[in-house]
Every structure is written in structure tokens, then in C-alpha cells.
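Colleague: Dropping a structure here in C-alpha cells format, bear with me for questions.
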Amino acid sequence: MPHSDARRPCRAVRRLRPGSRRLQQLSRSALSKVPSTRARPVVPASVAAIALQNKAVVYDILLKTAAETIRLISADPKHLGAETGMIAILHTWGQTLTHHPHAHCLVPGGGIAPDGRWVHCLPGFFLPVRVLSRLYRRLFLERLQAAFDNTKLQFFGHLAHLIEPAAFGRHLNALRKVEWVVYAKRPFGGPEQVLAHLGRYTHRVAIANSRLLTCEHGRICFRWKDYRTGNKSKVMTLEIEEFIRRFLLHVLPKGFRRIRHFGFLANACRVAKLARIRAVLEAPEPPPPAKAVDYRERYAILTGHCLDLCPLCGGRMVEIDLVPRSQTPRCDTS
């Protein structure tokens, strides 16, 4: 569906190469000396069902709650005692295209203390997962209750009974007794790994072309990983209608921002606070971004590849002439 809101992005956007200038700038930035950690807050299936009928409201709650949870616990002197930053990316799919809303959070392994010092996290440890999970659950349900009180939620089908305040209250009470999960992963090894992670997750859609195997006889076969069996690769076959139905579950509301920056990485304060961090860490000023002369040079800066190189022989192609858009090139049949 190349012309729908679920269009898949250009592969170049997802393919920042190690030789690109963007990576060189990142490797010399203030945070290149700081290992970045990853957190992945998810929601229970009963909350995901509400989110499917209220995408804009609940997805916004998910991203804001994830950021507030990390901000509050990071600022607690019992843990980090500093202000941190975060990039949050919303994903709504699982390996089999089912509805599975969660956020991928990239967090620098440290923060700015109230006295201006840079506070590092403990090696291999960011914040206690259980504390994160409990606070994340409480803040999420508080925001969900506030959305209900302000009549921002709608319910249809098997959830229609939740329109009653008593039924909705019982639903939330049951969710307070369920363990919510915030996955935490080991820090990245350096800016190369950070950039590769961002390249994979920022502009990804529900399924990559490489996972599609066949489309014949009204069925689609695709490859998926079963995380319960040690990431074993398996093949799933779906009717075309069911495949399209699952794919369309992940179309976001118009104008929804699925990539957000928080803390000292927020747009309003990023320049000033990163300058303070560079001064504390004694990191050099990053070089100004390179200005591209044309689209070819811009592509080379972003990806490390040149458009004027032949993909077959590797030789440099020479521009012979430009074909005006209003004209159709004619073939010489003489």
C-alpha cells in the first residue's frame, strides 16, 4: 500500500552506514562517552484492546507515562539523583502483526545532577526494573482514568460496557493487581550501536520486505521469530484479507508523533543542556553539519553511498543529458 498512511519509508532512511558523516558527528558528540541503555515498557492485553479503539489518546499516554516514569525515578536520590534524557519510539506490532503496543526508549546512562555534575549509572545497571514497573503502572492508570473522566475514551463492541463508570472502575482495579512489565536491556557498546539501533527502529513499519516469502493462491507466507523458543525462525501463512487486516491495525492517527524526545533531549532545551554536558564531560564541540550541494551529496552524507556509482561494476557514471519532465524520451528506431 504505497499510497496509504501505512506507507513504508525509503530504505535509505533506515540505512545509515558506519561511514556516514552523521555517525562521525555522533562519535564526537557530548554523549559519545556515555553508554546508552534501553527500556521497553509494554501494556497488558486488556489495555491494548482499549488502545485499539482509542489510538491517539492511549498511545499518547503510553509515551508520556514511559518518559515520566524514567524521569521521576532517575531524579530520586535513592537511585540516580539526576535529570536524564530519552528518545521514545512507539511500536504497535508483534512478530505476527498482532496488536502489541509498546515503546522503545533510548536513555543515556547518566544525567545532570542539581549541582551541575554529570552522574554516571552503575556499570551494566540503569534503574531497578521492579520500581520502574510499579510506578509505570500507577501513572498509566491514573492518566487512563483522567482520560475517561474527561470523556476522551470511546468503547465499541465487546468493550461497550466500559462506558459505565462502575464497569470501567472495576476494569482498572483488576489491572492494578496485574504485574506490568518494563524490559531493560544492557547498554550499547558505543555510538555505532546506538546509530544502528535508531536506524532499525525509528522508521520501521509492521513488517519488512525481507520477511515476505510468497503471495499466491490467496495466501501470504512470511517469516517471524518465536521469542518463546529462543528466537527460532518460523513461517506463518495467512489469508490475504487477514494479512491486510493485521497490517492496518498499525496505521497511526493522522498527525500522531510516534518519535518523541524528553528530558535534556527535548527540543526546547536540548542545545543549552547538551552544551552544559559537553563542558562537564570535557567533550569537544561537534562539527557543524555538512551542507549538501545537491540531492546526490545529501544521499552520500546520510548513507555513505554514492548515487553516481554503477551498482554493477562500481565505476563512476557520467551525466550525459537531462530529460525535461514535460517530454517523453523517444527511441531512435532508424
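For the C-alpha cells, the naming scheme is as follows: chains receive sequential letters (A, B, ...) according to their order of presentation, residues are indexed from 1 within each chain, and ligands are indexed from 1 in presentation order.
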Excluding same-chain residues fewer than 4 positions from stretch 166-171 of chain A, what lies within 12 Å of it counting only C-alpha atoms, as a PyMOL selection string?
Modeller: chain A and resi 46-47+50+141-142+144-149+153-155+159-162+175-178
Colleague: With only C-alpha atoms as the counted atoms, please give the residues lying no more than 12 Å from A:Leu90, apart from itself and same-chain residues fewer than 2 positions off, as a PyMOL selection string.
Modeller: chain A and resi 40-42+55-56+58-64+66+87-88+92-93+100-106+201-206+250-252+256-261
Colleague: List every residue of stretch 26-105 of chain A that DSSP, applied to the backbone of this structure, assigns to strand (DSSP E), and report them as a list of chain:residue names.
Modeller: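 Selecting the strand (DSSP E) positions of stretch 26-105 of chain A gives A:Ser36, A:Thr37, A:Arg38, A:Ala39, A:Arg40, A:Pro41, A:Gly85, A:Met86, A:Ile87, A:Ala88, A:Ile89, A:Leu90, A:His91, A:Thr92, A:Trp93, A:His99, A:His100, A:Pro101, A:His102, A:Ala103, A:His104, A:Cys105.
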Colleague: With C-alpha atoms retained, write the just-selected residues as a short mmCIF file (atom, residue, chain, number, x, y, z; two decimals), in the first residue's frame.
Modeller:
data_model
loop_
_atom_site.label_atom_id
_atom_site.label_comp_id
_atom_site.auth_asym_id
_atom_site.auth_seq_id
_atom_site.Cartn_x
_atom_site.Cartn_y
_atom_site.Cartn_z
CA SER A 36 23.10 4.41 26.32
CA THR A 37 20.61 1.97 27.82
CA ARG A 38 17.31 0.66 26.52
CA ALA A 39 13.93 0.26 28.20
CA ARG A 40 10.78 -1.20 26.67
CA PRO A 41 7.53 -0.54 28.56
CA GLY A 85 17.04 12.45 28.68
CA MET A 86 15.23 9.99 26.47
CA ILE A 87 14.16 9.21 22.92
CA ALA A 88 10.88 7.25 22.86
CA ILE A 89 9.66 5.42 19.75
CA LEU A 90 6.17 3.90 19.58
CA HIS A 91 5.71 0.42 18.12
CA THR A 92 2.33 -1.28 17.93
CA TRP A 93 3.11 -4.67 16.43
CA HIS A 99 -1.62 -5.57 18.12
CA HIS A 100 1.12 -5.20 20.72
CA PRO A 101 1.67 -1.54 21.69
CA HIS A 102 4.96 -0.75 23.42
CA ALA A 103 7.67 1.90 23.44
CA HIS A 104 11.36 1.58 22.65
CA CYS A 105 13.18 4.04 24.91
#
Colleague: Need to verify the contact set: A:Phe243, 9 Å, only C-alpha atoms, exclusion of same-chain residues closer than 5 positions in sequence. Can you return it as a ChimeraX atom specification?
Modeller: /A:97,219-220,237-238,248
Colleague: Report as an MDAnalysis selection string all protein, DNA and RNA residues lying within 10 Å of stretch 274-278 of chain A, evaluated on only C-alpha atoms, omitting residues in the same chain fewer than 2 positions from it.
Modeller: chainID A and resid 29:31 111:112 116:118 264:265 269:272 280:286
Colleague: Which of these residues is nearest to A:Phe126, using only C-alpha atoms: A:Leu212, A:Ala113, A:Ala184, A:Met317?
Modeller: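 Nearest candidate to A:Phe126 out of A:Leu212, A:Ala113, A:Ala184, A:Met317: A:Ala184.
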Colleague: Please run DSSP on the backbone and report, as a VMD selection string, all residues within stretch 101-133 of chain A that come out as alpha helix (DSSP H).
Modeller: chain A and resid 129 to 133
Colleague: Using atom CA of A:His79 and atom CA of A:Lys185 as the two end points, give the distance in Å to one decimal.
Modeller: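 Value for the atom CA of A:His79-atom CA of A:Lys185 distance: 17.6 Å.
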Colleague: Nearest to A:Asp226 among A:Asn150, A:Asp294, A:Gln95, A:Ile73, with distances taken over only C-alpha atoms: which residue is it?
Modeller: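 Answer, going by the shortest atom-to-atom distance: A:Gln95.
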Colleague: May I ask for the distance between atom CA of A:His120 and atom CA of A:Leu80, given in Å to one decimal place?
Modeller: 8.0 Å
Colleague: A:Thr65: which residues within 9 Å, counting only C-alpha atoms, same-chain residues fewer than 3 positions away excluded, as a list in words?
Modeller: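 Skipping anything fewer than 3 positions along the chain leaves Asp60, Ile61, Leu62, Glu68, Thr69, Ile70, Tyr136, Arg137, Leu139, Phe140 and Arg143 of chain A.
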Colleague: To one decimal place, how far is atom CA of A:Gly94 from atom CA of A:Leu302 in Å?
Modeller: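 Between atom CA of A:Gly94 and atom CA of A:Leu302 the gap works out to 29.0 Å.
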